[in-house]
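Undergrad: Provided herewith: start_16.tsv, TSV, C-alpha atoms.
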```tsv
chain	number	residue	atom	x	y	z
A	1	MET	CA	43.12	-31.87	-60.32
A	2	THR	CA	41.88	-35.19	-58.92
A	3	GLN	CA	38.17	-35.62	-59.50
A	4	PRO	CA	36.20	-36.41	-56.32
A	5	ASP	CA	33.74	-39.26	-56.04
A	6	MET	CA	30.27	-38.06	-56.96
A	7	THR	CA	26.93	-39.79	-56.52
A	8	LEU	CA	24.88	-39.62	-59.72
A	9	ILE	CA	21.45	-38.04	-59.38
A	10	ASP	CA	19.22	-40.32	-61.41
A	11	ASP	CA	15.71	-41.77	-61.11
A	12	ALA	CA	16.89	-44.65	-58.96
A	13	LEU	CA	18.57	-42.33	-56.44
A	14	LEU	CA	15.55	-40.05	-56.25
A	15	ARG	CA	13.19	-42.95	-55.60
A	16	GLU	CA	15.41	-44.12	-52.74
A	17	TRP	CA	15.78	-40.55	-51.44
A	18	SER	CA	12.08	-39.84	-51.16
A	19	LEU	CA	10.85	-36.37	-50.31
A	20	PRO	CA	9.09	-35.61	-47.03
A	21	MET	CA	5.33	-35.96	-47.48
A	22	PRO	CA	2.60	-34.38	-45.35
A	23	SER	CA	0.04	-36.58	-43.68
A	24	ASP	CA	-3.36	-36.91	-45.31
A	25	GLU	CA	-4.77	-34.79	-42.49
A	26	GLY	CA	-1.97	-32.24	-42.68
A	27	ASP	CA	-2.65	-28.52	-43.11
A	28	LYS	CA	-0.61	-25.87	-44.93
A	29	GLU	CA	1.60	-25.37	-41.86
A	30	GLU	CA	2.79	-28.97	-42.16
A	31	ARG	CA	3.88	-28.31	-45.74
A	32	GLY	CA	6.14	-25.50	-44.58
A	33	ARG	CA	6.20	-21.76	-44.04
A	34	LEU	CA	8.18	-20.05	-46.76
A	35	LEU	CA	9.41	-16.51	-47.37
A	36	VAL	CA	10.69	-15.47	-50.81
A	37	ILE	CA	12.59	-12.17	-50.91
A	38	GLY	CA	13.53	-10.47	-54.15
A	39	GLY	CA	12.32	-8.56	-57.15
A	40	SER	CA	12.89	-4.95	-58.16
A	41	ARG	CA	11.35	-2.28	-60.37
A	42	GLN	CA	13.17	-3.66	-63.41
A	43	MET	CA	12.76	-7.36	-62.61
A	44	PRO	CA	9.52	-8.09	-60.72
A	45	GLY	CA	8.99	-11.18	-62.85
A	46	ALA	CA	11.90	-13.04	-61.28
A	47	ILE	CA	10.25	-13.28	-57.89
A	48	ILE	CA	6.95	-14.26	-59.49
A	49	LEU	CA	8.68	-17.16	-61.25
A	50	ALA	CA	10.49	-18.24	-58.09
A	51	ALA	CA	7.45	-18.03	-55.82
A	52	THR	CA	5.25	-19.89	-58.30
A	53	ALA	CA	7.84	-22.66	-58.58
A	54	ALA	CA	8.06	-22.94	-54.79
A	55	MET	CA	4.32	-23.51	-54.55
A	56	ARG	CA	4.42	-26.02	-57.40
A	57	ALA	CA	7.11	-27.89	-55.44
A	58	GLY	CA	4.64	-28.33	-52.60
A	59	ALA	CA	5.30	-25.54	-50.10
A	60	GLY	CA	2.26	-24.82	-47.96
A	61	LYS	CA	2.27	-21.22	-46.72
A	62	LEU	CA	3.90	-18.51	-48.82
A	63	ALA	CA	4.93	-14.96	-48.05
A	64	ILE	CA	6.76	-12.70	-50.50
A	65	ALA	CA	8.83	-9.65	-49.58
A	66	THR	CA	9.65	-7.30	-52.43
A	67	GLY	CA	10.20	-3.63	-53.16
A	68	ALA	CA	7.25	-1.43	-52.27
A	69	SER	CA	7.09	-0.10	-55.84
A	70	VAL	CA	6.21	-3.54	-57.25
A	71	ALA	CA	4.47	-5.18	-54.28
A	72	GLN	CA	0.95	-4.65	-55.62
A	73	LEU	CA	1.88	-6.07	-59.02
A	74	VAL	CA	3.40	-9.16	-57.37
A	75	ALA	CA	0.35	-9.60	-55.12
A	76	LEU	CA	-1.95	-9.63	-58.13
A	77	ALA	CA	0.28	-12.15	-59.92
A	78	ILE	CA	0.50	-14.51	-56.92
A	79	PRO	CA	-2.91	-14.51	-55.21
A	80	GLU	CA	-1.84	-17.45	-53.04
A	81	SER	CA	0.68	-15.28	-51.19
A	82	ARG	CA	0.91	-12.63	-48.53
A	83	VAL	CA	3.03	-9.82	-50.04
A	84	ILE	CA	5.12	-7.40	-47.97
A	85	GLY	CA	6.33	-4.14	-49.51
A	86	LEU	CA	9.85	-3.21	-48.42
A	87	PRO	CA	11.72	0.13	-48.49
A	88	GLU	CA	13.95	0.58	-51.54
A	89	THR	CA	17.23	2.31	-52.30
A	90	GLY	CA	17.54	4.97	-54.98
A	91	ASP	CA	19.19	2.38	-57.24
A	92	GLY	CA	16.21	0.04	-57.02
A	93	GLY	CA	17.52	-2.34	-54.38
A	94	ILE	CA	15.91	-3.39	-51.12
A	95	ASP	CA	17.19	-1.14	-48.35
A	96	ALA	CA	19.08	-2.78	-45.47
A	97	SER	CA	16.56	-1.30	-43.05
A	98	ALA	CA	14.01	-3.70	-44.55
A	99	ALA	CA	15.43	-6.47	-42.37
A	100	LYS	CA	13.71	-4.83	-39.39
A	101	ALA	CA	10.39	-5.00	-41.22
A	102	LEU	CA	10.76	-8.78	-41.38
A	103	ALA	CA	11.79	-9.23	-37.74
A	104	SER	CA	8.24	-10.19	-36.72
A	105	MET	CA	8.58	-13.35	-38.83
A	106	ARG	CA	11.55	-14.59	-36.78
A	107	GLY	CA	10.92	-18.10	-35.52
A	108	ARG	CA	7.93	-18.56	-37.83
A	109	LEU	CA	9.69	-19.71	-41.01
A	110	ASP	CA	10.94	-23.06	-42.30
A	111	ALA	CA	12.68	-21.81	-45.45
A	112	VAL	CA	13.72	-18.53	-47.06
A	113	LEU	CA	14.87	-17.70	-50.60
A	114	ILE	CA	16.76	-14.44	-51.11
A	115	GLY	CA	17.91	-13.04	-54.43
A	116	PRO	CA	15.77	-13.51	-57.55
A	117	GLY	CA	15.45	-10.25	-59.45
A	118	MET	CA	17.23	-8.11	-56.86
A	119	GLN	CA	19.34	-5.10	-57.86
A	120	ASP	CA	22.04	-2.98	-56.20
A	121	GLU	CA	24.48	-5.62	-54.89
A	122	PRO	CA	26.02	-3.45	-52.15
A	123	ALA	CA	22.54	-2.83	-50.70
A	124	ILE	CA	21.66	-6.51	-51.07
A	125	CYS	CA	24.77	-7.59	-49.16
A	126	GLU	CA	24.02	-5.14	-46.35
A	127	PHE	CA	20.45	-6.43	-46.21
A	128	VAL	CA	21.50	-10.10	-46.11
A	129	HIS	CA	24.07	-9.35	-43.38
A	130	ALA	CA	21.29	-7.80	-41.31
A	131	LEU	CA	18.81	-10.61	-42.00
A	132	LEU	CA	20.94	-13.74	-41.48
A	133	PRO	CA	21.13	-13.43	-37.66
A	134	MET	CA	17.30	-13.58	-37.61
A	135	LEU	CA	17.17	-16.89	-39.49
A	136	ASP	CA	18.41	-19.29	-36.85
A	137	GLY	CA	17.28	-22.84	-37.67
A	138	VAL	CA	15.92	-21.84	-41.10
A	139	ARG	CA	16.89	-23.39	-44.44
A	140	VAL	CA	18.09	-20.47	-46.56
A	141	VAL	CA	18.71	-20.43	-50.32
A	142	LEU	CA	20.87	-17.56	-51.59
A	143	ASP	CA	20.48	-16.93	-55.31
A	144	ALA	CA	21.67	-14.36	-57.86
A	145	ALA	CA	23.05	-11.14	-56.37
A	146	ALA	CA	22.29	-12.20	-52.78
A	147	MET	CA	25.19	-14.65	-53.02
A	148	GLY	CA	27.50	-11.64	-53.15
A	149	VAL	CA	27.30	-11.48	-49.37
A	150	VAL	CA	30.21	-13.95	-49.26
A	151	CYS	CA	32.36	-11.42	-51.15
A	152	ASP	CA	31.55	-8.86	-48.50
A	153	ALA	CA	32.55	-11.07	-45.59
A	154	GLY	CA	36.03	-9.80	-44.86
A	155	ALA	CA	39.64	-10.18	-45.96
A	156	ASP	CA	39.59	-13.95	-45.49
A	157	GLY	CA	37.32	-14.32	-48.52
A	158	GLY	CA	34.38	-15.40	-46.42
A	159	ALA	CA	36.11	-18.41	-44.87
A	160	GLY	CA	33.53	-20.11	-42.66
A	161	PHE	CA	31.32	-17.05	-43.00
A	162	LEU	CA	27.95	-18.72	-43.46
A	163	GLY	CA	28.70	-21.27	-40.76
A	164	ARG	CA	28.75	-18.48	-38.18
A	165	TYR	CA	24.99	-18.21	-38.31
A	166	GLY	CA	22.36	-20.66	-37.14
A	167	ALA	CA	20.81	-20.83	-40.59
A	168	ASP	CA	21.49	-23.72	-42.97
A	169	VAL	CA	22.48	-22.12	-46.29
A	170	LEU	CA	22.64	-23.22	-49.94
A	171	LEU	CA	24.11	-21.13	-52.78
A	172	THR	CA	23.18	-21.61	-56.45
A	173	PRO	CA	25.95	-20.16	-58.66
A	174	HIS	CA	26.61	-20.87	-62.31
A	175	ALA	CA	30.23	-20.82	-63.48
A	176	GLY	CA	30.35	-17.06	-64.02
A	177	GLU	CA	28.86	-16.35	-60.61
A	178	MET	CA	31.20	-18.84	-58.95
A	179	ALA	CA	34.15	-17.04	-60.52
A	180	HIS	CA	32.92	-13.75	-59.07
A	181	LEU	CA	32.29	-15.27	-55.64
A	182	SER	CA	35.46	-17.34	-55.36
A	183	GLY	CA	37.99	-15.06	-57.06
A	184	ALA	CA	38.88	-17.77	-59.59
A	185	SER	CA	38.51	-17.22	-63.32
A	186	LYS	CA	35.51	-18.60	-65.16
A	187	ASP	CA	37.86	-20.86	-67.13
A	188	GLU	CA	39.25	-22.28	-63.88
A	189	VAL	CA	35.76	-22.97	-62.58
A	190	SER	CA	34.67	-24.61	-65.85
A	191	ALA	CA	37.81	-26.75	-66.01
A	192	ASP	CA	37.29	-28.33	-62.56
A	193	PRO	CA	33.73	-27.64	-61.39
A	194	ALA	CA	33.40	-30.60	-59.00
A	195	PRO	CA	36.50	-29.82	-56.89
A	196	MET	CA	35.53	-26.14	-56.96
A	197	ALA	CA	32.05	-26.88	-55.59
A	198	LEU	CA	33.50	-29.00	-52.79
A	199	ARG	CA	36.22	-26.50	-51.95
A	200	MET	CA	33.88	-23.55	-51.72
A	201	ALA	CA	31.25	-25.52	-49.78
A	202	ARG	CA	33.88	-26.19	-47.11
A	203	HIS	CA	35.24	-22.65	-47.34
A	204	TRP	CA	31.88	-20.92	-46.91
A	205	GLN	CA	30.38	-23.64	-44.68
A	206	ALA	CA	27.36	-23.85	-46.94
A	207	THR	CA	25.91	-26.28	-49.45
A	208	VAL	CA	26.76	-25.33	-53.03
A	209	ALA	CA	24.85	-26.21	-56.20
A	210	LEU	CA	27.22	-25.27	-59.04
A	211	LYS	CA	24.94	-25.13	-62.08
A	212	GLY	CA	25.79	-26.10	-65.64
A	213	PRO	CA	25.15	-28.82	-68.25
A	214	THR	CA	26.37	-31.05	-65.42
A	215	THR	CA	25.40	-29.62	-62.03
A	216	PHE	CA	27.49	-30.42	-58.97
A	217	ILE	CA	26.11	-30.29	-55.43
A	218	ALA	CA	28.50	-30.32	-52.47
A	219	THR	CA	28.10	-30.01	-48.71
A	220	PRO	CA	30.58	-28.62	-46.16
A	221	GLU	CA	31.03	-32.17	-44.87
A	222	GLY	CA	32.33	-33.36	-48.25
A	223	GLN	CA	29.26	-35.13	-49.62
A	224	ALA	CA	28.85	-34.63	-53.35
A	225	TRP	CA	26.39	-35.38	-56.14
A	226	LYS	CA	26.18	-34.63	-59.85
A	227	HIS	CA	23.31	-34.34	-62.27
A	228	GLU	CA	23.64	-34.73	-66.02
A	229	GLY	CA	20.76	-33.78	-68.26
A	230	GLY	CA	18.38	-31.08	-69.31
A	231	ASN	CA	18.51	-29.31	-72.65
A	232	VAL	CA	19.61	-26.05	-74.20
A	233	GLY	CA	16.12	-24.59	-73.88
A	234	LEU	CA	16.74	-24.21	-70.16
A	235	ALA	CA	19.45	-21.64	-70.87
A	236	ALA	CA	17.01	-18.72	-70.90
A	237	SER	CA	15.93	-15.80	-68.76
A	238	GLY	CA	14.07	-16.88	-65.64
A	239	SER	CA	15.32	-20.46	-65.62
A	240	GLY	CA	17.54	-19.95	-62.58
A	241	ASP	CA	14.76	-18.15	-60.70
A	242	THR	CA	12.48	-21.13	-61.29
A	243	LEU	CA	15.15	-23.58	-60.13
A	244	ALA	CA	15.78	-21.60	-56.95
A	245	GLY	CA	12.03	-21.59	-56.28
A	246	ILE	CA	11.75	-25.36	-56.71
A	247	ILE	CA	14.66	-25.93	-54.34
A	248	VAL	CA	13.33	-23.67	-51.59
A	249	GLY	CA	9.82	-25.09	-51.96
A	250	LEU	CA	11.18	-28.57	-51.30
A	251	ALA	CA	13.23	-27.25	-48.39
A	252	ALA	CA	10.09	-25.68	-46.88
A	253	ARG	CA	8.49	-29.14	-46.92
A	254	GLY	CA	11.34	-30.46	-44.78
A	255	ALA	CA	13.92	-31.69	-47.28
A	256	THR	CA	17.52	-31.07	-46.32
A	257	LEU	CA	19.23	-28.54	-48.55
A	258	ALA	CA	21.29	-31.25	-50.22
A	259	GLN	CA	18.16	-33.28	-50.96
A	260	ALA	CA	16.23	-30.20	-52.07
A	261	GLY	CA	19.12	-29.28	-54.36
A	262	ALA	CA	19.34	-32.75	-55.88
A	263	TRP	CA	15.60	-33.09	-56.40
A	264	GLY	CA	15.28	-29.48	-57.56
A	265	VAL	CA	17.96	-29.81	-60.24
A	266	ALA	CA	16.46	-33.08	-61.45
A	267	LEU	CA	12.89	-31.77	-61.56
A	268	HIS	CA	14.00	-28.60	-63.35
A	269	ALA	CA	15.84	-30.59	-66.02
A	270	ARG	CA	12.99	-33.06	-66.49
A	271	ALA	CA	10.50	-30.21	-66.76
A	272	GLY	CA	12.62	-28.77	-69.57
A	273	ASP	CA	12.69	-32.15	-71.29
A	274	ALA	CA	8.90	-32.44	-71.04
A	275	LEU	CA	8.43	-29.01	-72.63
A	276	ALA	CA	11.02	-29.75	-75.32
A	277	ARG	CA	9.14	-32.89	-76.33
A	278	ARG	CA	5.96	-30.89	-76.81
A	279	SER	CA	7.29	-27.58	-78.10
A	280	GLY	CA	10.75	-28.29	-79.49
A	281	PRO	CA	14.11	-27.76	-77.81
A	282	LEU	CA	14.20	-23.96	-78.19
A	283	GLY	CA	11.64	-21.27	-77.52
A	284	TYR	CA	9.54	-22.73	-74.71
A	285	LEU	CA	9.04	-20.28	-71.85
A	286	THR	CA	10.59	-20.68	-68.44
A	287	ARG	CA	7.27	-19.61	-66.92
A	288	ASP	CA	5.92	-22.97	-68.09
A	289	LEU	CA	8.51	-25.08	-66.24
A	290	ALA	CA	6.87	-24.94	-62.82
A	291	ALA	CA	3.59	-26.41	-64.02
A	292	GLU	CA	5.42	-29.62	-64.96
A	293	VAL	CA	6.83	-30.14	-61.46
A	294	PRO	CA	3.86	-31.63	-59.51
A	295	MET	CA	3.31	-34.57	-61.85
A	296	LEU	CA	7.05	-35.18	-62.20
A	297	MET	CA	7.37	-35.35	-58.40
A	298	HIS	CA	4.45	-37.75	-58.27
A	299	ARG	CA	5.82	-40.02	-60.98
A	300	LEU	CA	9.31	-40.12	-59.50
A	301	GLY	CA	7.92	-40.79	-56.05
A	302	THR	CA	5.77	-43.66	-57.28
A	303	GLY	CA	8.34	-45.16	-59.64
A	304	GLN	CA	6.42	-44.20	-62.79
A	305	ALA	CA	9.11	-41.91	-64.27
```
Using structure tokens, write down the structure that the file contains.

TA:
Amino acid sequence: MTQPDMTLIDDALLREWSLPMPSDEGDKEERGRLLVIGGSRQMPGAIILAATAAMRAGAGKLAIATGASVAQLVALAIPESRVIGLPETGDGGIDASAAKALASMRGRLDAVLIGPGMQDEPAICEFVHALLPMLDGVRVVLDAAAMGVVCDAGADGGAGFLGRYGADVLLTPHAGEMAHLSGASKDEVSADPAPMALRMARHWQATVALKGPTTFIATPEGQAWKHEGGNVGLAASGSGDTLAGIIVGLAARGATLAQAGAWGVALHARAGDALARRSGPLGYLTRDLAAEVPMLMHRLGTGQA
């Protein structure tokens, strides 16, 4: 398959593609209103990682929506956030009726992340279907099982599905998830990841960040970027949750989803490199990645990286 032209995400590109910055007099509203939805009885930590990373990326006002059974735990772990307890299914997922509980936030959000730590994919898909019509004009990141909504979009395989809503959507699959979502085999995805990212971005009418040792970001309009870097220590539980949080935090600040994806992937990889230099390439904790992000953003923005 012919390889498409890809813009390399490196320090020079990031310095030219500077992130939106609040004014010195700006309040938390100017830094973006963010909702992170996810978690479950078995995986409450995923939403804690994602929400922490979003704040470290500079988001201003955070709300978290999670299963009622773990809401108090999450609230104690993230004191910076409002936490909303949602009804759950018997299998530990968030019930589709929970979308109604979030209706009061319609028109009051800049960015939403859905997916980290969620269980019960059929319930998740029903919930996302109910929620998307409420997110007109919002930058939405679908992660983990929430991406399965494109598999539940009809016999056409979700063609144009996400473009039917007023939300601007980014999906964050790795090769295995892309195989599940696209119907291709994992080997097919791994053999030609760049064309796959572009094809599915057009097909779903959403931005796609196809994660791997080289990550490919593609938009429905055919723009494409790649990032090479990071280290094997990033291949650990919670790493993807942290990346999704960084991306949505940048989107809340006003970055386009393509820019948030490019910066998010780069910051995530550089945070892993910083921890590897101090702790060795294996065994550092993904919970420590987010704390590296503020200074990395500052250094890249000022040309000190």

Undergrad: Between CA of Gly115 (chain A) and CA of Ala98 (chain A), what is the distance, to one decimal in Å?

TA: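 About the pair CA of Gly115 (chain A) and CA of Ala98 (chain A): they are 14.1 Å apart.
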
Undergrad: Dump as a tab-separated table (two decimals) with C-alpha atoms, in the frame of the given file all residues having an atom at most 8 Å from (28.8, -20.5, -55.2), computed in the file's coordinates with only C-alpha atoms.

TA:
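For reference, result_22.tsv as written:
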```
chain	number	residue	atom	x	y	z
A	147	MET	CA	25.19	-14.65	-53.02
A	171	LEU	CA	24.11	-21.13	-52.78
A	172	THR	CA	23.18	-21.61	-56.45
A	173	PRO	CA	25.95	-20.16	-58.66
A	174	HIS	CA	26.61	-20.87	-62.31
A	177	GLU	CA	28.86	-16.35	-60.61
A	178	MET	CA	31.20	-18.84	-58.95
A	181	LEU	CA	32.29	-15.27	-55.64
A	182	SER	CA	35.46	-17.34	-55.36
A	197	ALA	CA	32.05	-26.88	-55.59
A	200	MET	CA	33.88	-23.55	-51.72
A	201	ALA	CA	31.25	-25.52	-49.78
A	208	VAL	CA	26.76	-25.33	-53.03
A	209	ALA	CA	24.85	-26.21	-56.20
A	210	LEU	CA	27.22	-25.27	-59.04
```

Undergrad: Could I get the residues of region 83-122 of chain A with an atom no further than 9 Å from an atom of region 12-36 of chain A, each paired with its nearest atom pair and that distance in Å to one decimal, using only C-alpha atoms, sorted by chain and residue number, as JSON lines?

TA:
```
{"residue": "A:Arg108", "atom": "CA", "partner": "A:Arg33", "partner_atom": "CA", "distance": 7.2}
{"residue": "A:Leu109", "atom": "CA", "partner": "A:Arg33", "partner_atom": "CA", "distance": 5.1}
{"residue": "A:Asp110", "atom": "CA", "partner": "A:Arg33", "partner_atom": "CA", "distance": 5.2}
{"residue": "A:Ala111", "atom": "CA", "partner": "A:Leu34", "partner_atom": "CA", "distance": 5.0}
{"residue": "A:Val112", "atom": "CA", "partner": "A:Leu35", "partner_atom": "CA", "distance": 4.8}
{"residue": "A:Leu113", "atom": "CA", "partner": "A:Val36", "partner_atom": "CA", "distance": 4.7}
{"residue": "A:Ile114", "atom": "CA", "partner": "A:Val36", "partner_atom": "CA", "distance": 6.2}
{"residue": "A:Gly115", "atom": "CA", "partner": "A:Val36", "partner_atom": "CA", "distance": 8.4}
{"residue": "A:Pro116", "atom": "CA", "partner": "A:Val36", "partner_atom": "CA", "distance": 8.7}
```

Undergrad: Print the selection's residues with C-alpha atoms to a file, as a CSV table (one decimal), keeping the file's coordinate frame.

TA:
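Contents of the output file result.csv:
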```csv
chain,number,residue,atom,x,y,z
A,108,ARG,CA,7.9,-18.6,-37.8
A,109,LEU,CA,9.7,-19.7,-41.0
A,110,ASP,CA,10.9,-23.1,-42.3
A,111,ALA,CA,12.7,-21.8,-45.4
A,112,VAL,CA,13.7,-18.5,-47.1
A,113,LEU,CA,14.9,-17.7,-50.6
A,114,ILE,CA,16.8,-14.4,-51.1
A,115,GLY,CA,17.9,-13.0,-54.4
A,116,PRO,CA,15.8,-13.5,-57.6
```

Undergrad: CA of Gly261 (chain A) to CA of Ile247 (chain A): how many Å, to one decimal?

TA: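 These atoms are spaced 5.6 Å apart.
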
Undergrad: Could you please give me, as a list in words, the residues of protein, DNA or RNA lying at most 8 Å from (26.2, -35.8, -57.1) in the coordinate frame of the file, considering all atoms listed in the file?

TA: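 Taken together, the residues in range are Met6, Thr7, Leu8, Ile9, Thr215, Phe216, Ile217, Ala218, Ala224, Trp225, Lys226, His227 and Ala262 of chain A.
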
Undergrad: So which one's closest to Val74 (chain A), A:Arg287, A:Met43, A:Asp91, A:Leu102? Using all atoms listed in the file, please.

TA: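 Ranking A:Arg287, A:Met43, A:Asp91, A:Leu102 by distance to Val74 (chain A), first place goes to A:Met43.
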
Undergrad: CA of Val189 (chain A) and CA of Ala123 (chain A), how far apart in Å?

TA: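 Between CA of Ala123 (chain A) and CA of Val189 (chain A) the gap is 26.9 Å.
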
Undergrad: Using all atoms listed in the file, determine which residues lie at most 7 Å from Ala71 (chain A), disregarding the query and same-chain residues fewer than 5 positions distant; provide the list as a ChimeraX atom specification.

TA: /A:66,83-85

Undergrad: Would you kindly return, as an MDAnalysis selection string, each protein, DNA or RNA residue with an atom no farther than 12 Å from any atom of region 283-286 of chain A, considering only C-alpha atoms and excluding same-chain residues fewer than 6 positions away?

TA: chainID A and resid 45:46 48:50 52:53 231:243 268:269 271:277 292

Undergrad: Counting only C-alpha atoms, which residue out of A:Pro195, A:Pro79, A:Pro281, A:Pro294 sits closest to Gly249 (chain A)?

TA: A:Pro294

Undergrad: Using all atoms listed in the file, which residues sit within 10 Å of Ser190 (chain A) once same-chain residues fewer than 3 positions away are excluded, as a compact mmCIF listing (two decimals) with C-alpha atoms, in the frame of the given file?

TA:
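result.txt, written as the output of this step:
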```txt
# COMPACT_ATOMS: atom_id res chain seq x y z
CA HIS A 174 26.61 -20.87 -62.31
CA ALA A 175 30.23 -20.82 -63.48
CA GLY A 176 30.35 -17.06 -64.02
CA MET A 178 31.20 -18.84 -58.95
CA ALA A 179 34.15 -17.04 -60.52
CA SER A 185 38.51 -17.22 -63.32
CA LYS A 186 35.51 -18.60 -65.16
CA ASP A 187 37.86 -20.86 -67.13
CA PRO A 193 33.73 -27.64 -61.39
CA ALA A 194 33.40 -30.60 -59.00
CA MET A 196 35.53 -26.14 -56.96
CA GLY A 212 25.79 -26.10 -65.64
```

Undergrad: Any chance you could build region 100-112 of chain A out to N, CA and C atoms and write it as a PDB file, keeping the file's coordinate frame?

TA:
```pdb
ATOM      1  N   LYS A 100      14.510  -5.081 -40.597  1.00  0.00           N
ATOM      2  CA  LYS A 100      13.710  -4.830 -39.390  1.00  0.00           C
ATOM      3  C   LYS A 100      12.227  -5.081 -39.648  1.00  0.00           C
ATOM      4  N   ALA A 101      11.793  -4.794 -40.873  1.00  0.00           N
ATOM      5  CA  ALA A 101      10.390  -5.000 -41.220  1.00  0.00           C
ATOM      6  C   ALA A 101      10.008  -6.473 -41.234  1.00  0.00           C
ATOM      7  N   LEU A 102      11.009  -7.336 -41.349  1.00  0.00           N
ATOM      8  CA  LEU A 102      10.760  -8.780 -41.380  1.00  0.00           C
ATOM      9  C   LEU A 102      11.013  -9.438 -40.028  1.00  0.00           C
ATOM     10  N   ALA A 103      11.416  -8.659 -39.037  1.00  0.00           N
ATOM     11  CA  ALA A 103      11.790  -9.230 -37.740  1.00  0.00           C
ATOM     12  C   ALA A 103      10.630  -9.967 -37.077  1.00  0.00           C
ATOM     13  N   SER A 104       9.395  -9.539 -37.350  1.00  0.00           N
ATOM     14  CA  SER A 104       8.240 -10.190 -36.720  1.00  0.00           C
ATOM     15  C   SER A 104       8.058 -11.631 -37.186  1.00  0.00           C
ATOM     16  N   MET A 105       8.710 -11.996 -38.309  1.00  0.00           N
ATOM     17  CA  MET A 105       8.580 -13.350 -38.830  1.00  0.00           C
ATOM     18  C   MET A 105       9.620 -14.298 -38.220  1.00  0.00           C
ATOM     19  N   ARG A 106      10.505 -13.769 -37.399  1.00  0.00           N
ATOM     20  CA  ARG A 106      11.550 -14.590 -36.780  1.00  0.00           C
ATOM     21  C   ARG A 106      10.927 -15.728 -35.985  1.00  0.00           C
ATOM     22  N   GLY A 107      11.430 -16.924 -36.206  1.00  0.00           N
ATOM     23  CA  GLY A 107      10.920 -18.100 -35.520  1.00  0.00           C
ATOM     24  C   GLY A 107       9.660 -18.679 -36.125  1.00  0.00           C
ATOM     25  N   ARG A 108       9.188 -18.102 -37.210  1.00  0.00           N
ATOM     26  CA  ARG A 108       7.930 -18.560 -37.830  1.00  0.00           C
ATOM     27  C   ARG A 108       8.136 -19.022 -39.259  1.00  0.00           C
ATOM     28  N   LEU A 109       9.381 -19.310 -39.640  1.00  0.00           N
ATOM     29  CA  LEU A 109       9.690 -19.710 -41.010  1.00  0.00           C
ATOM     30  C   LEU A 109      10.442 -21.028 -41.032  1.00  0.00           C
ATOM     31  N   ASP A 110      10.181 -21.822 -42.077  1.00  0.00           N
ATOM     32  CA  ASP A 110      10.940 -23.060 -42.300  1.00  0.00           C
ATOM     33  C   ASP A 110      12.001 -22.876 -43.374  1.00  0.00           C
ATOM     34  N   ALA A 111      11.730 -22.014 -44.356  1.00  0.00           N
ATOM     35  CA  ALA A 111      12.680 -21.810 -45.450  1.00  0.00           C
ATOM     36  C   ALA A 111      12.551 -20.400 -45.992  1.00  0.00           C
ATOM     37  N   VAL A 112      13.676 -19.878 -46.499  1.00  0.00           N
ATOM     38  CA  VAL A 112      13.720 -18.530 -47.060  1.00  0.00           C
ATOM     39  C   VAL A 112      14.569 -18.567 -48.327  1.00  0.00           C
TER      40      VAL A 112
END
```
